[in-house]
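Undergrad: The structure under discussion is supplied below as structure tokens; questions concerning it will follow.
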Amino acid sequence: MPGRNAISDRDPVRRDADAGIYALVLYLPRAREVGAGRLGRRRLAAGWYVYVGSAKRNLVARLARHLRRAKGPHWHIDHLRALAGVKEIWIWPWTHGGECRTNDRIQECSGASVPWTGFGSSDCRCTSHLTRFVQKPAACFGDAPTPLVVNPGRLRLPRARGLTPDVKGRILYRARQSGAAKEPP
């Protein structure tokens, strides 16, 4: 059987367990000025933010990188991540165009606003891949994500997704439907 070409064989859904669309749910405890490379600087209000991204492969490594504070900035989110804590991660199976569709759905949720035009969307036509919420956000649309809660410094992916912890041992665990995630002080 000849090898598949990932570029020409555009499956609508990737079957690879280490691929996915993700949303980082971040909490910024107080208003801060954030610089993001060519986007310049912007003062962001205290509150909740959701950043949407995707990984066609190496989802575990991508999420582990987003959780590390000590890293050189590569993406816009790295600049905000240095100031805001990741409180939850939502993941969905990877689909072609799914990152932007997921971002659109999140921005249609009640209480959503776009705080910074161009943030995280330099490779697409979206206004921004960063959304602000005054209250803690919840996925408010049809396809429920796999919710993951971040313990301080540890990340655990549910075995049901076939994902394993990264080499640094950060672990993700499923959020309980009962709201087990603690709100920040």
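As shown in the structure tokens, the chain order sets the letters A, B, ...; within each chain, residues go from 1, and ligands are also counted from 1 in the order they appear.
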At a cut-off of 12 Å, using only C-alpha atoms, what residues contact Cys140 (chain A)? Leave out same-chain residues fewer than 5 positions from it and give the result as a ChimeraX atom specification.
TA: /A:102-112,145
Undergrad: Take the residues from that selection and put them in a file with C-alpha atoms, as a tab-separated table (two decimals), in the first residue's frame.
TA:
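selection18.tsv, written as the output of this step:
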chain	number	residue	atom	x	y	z
A	102	THR	CA	-14.25	26.66	16.37
A	103	ASN	CA	-12.93	30.18	16.89
A	104	ASP	CA	-16.04	31.64	15.20
A	105	ARG	CA	-18.33	29.58	17.45
A	106	ILE	CA	-16.52	30.70	20.59
A	107	GLN	CA	-16.75	34.35	19.50
A	108	GLU	CA	-20.52	33.91	19.04
A	109	CYS	CA	-20.97	32.85	22.68
A	110	SER	CA	-22.75	35.19	25.07
A	111	GLY	CA	-20.41	37.71	26.65
A	112	ALA	CA	-17.62	37.22	24.08
A	145	PRO	CA	-14.89	19.52	23.66
Undergrad: List the neighbours of region 32-48 of chain A out to 10 Å using only C-alpha atoms; skip same-chain residues closer than 6 positions along the sequence, and give me the result as a PyMOL selection string.
TA: chain A and resi 25-26+73-87+112+115-120+122+131-137
Undergrad: Using only C-alpha atoms, which protein or nucleic acid residues come within 7 Å of Leu130 (chain A)? Drop anything in the same chain fewer than 5 positions from it, and give the result as an MDAnalysis selection string.
TA: chainID A and resid 49:52 114 119:120
Undergrad: To one decimal in Å, tell me the separation between CA of Arg65 (chain A) and CA of Gly20 (chain A).
TA: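 Interatomic distance, CA of Arg65 (chain A) to CA of Gly20 (chain A): 15.0 Å.
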Undergrad: What is the distance, in Å and to one decimal place, between CA of Ser113 (chain A) and CA of Cys126 (chain A)?
TA: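 If I compute the distance from CA of Ser113 (chain A) to CA of Cys126 (chain A), I get 13.6 Å.
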Undergrad: Go through A:Arg69, A:Arg62, A:Arg57, A:His129 one by one, measure the shortest atom-to-atom distance of each to Arg101 (chain A) using only C-alpha atoms, and give the residue with the smallest value.
TA: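 For Arg101 (chain A), the nearest of the given residues is A:His129.
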Undergrad: Which value, in Å to one decimal, gives the distance between CA of Cys100 (chain A) and CA of Pro147 (chain A)?
TA: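 Calculated distance between CA of Cys100 (chain A) and CA of Pro147 (chain A) is 18.9 Å.
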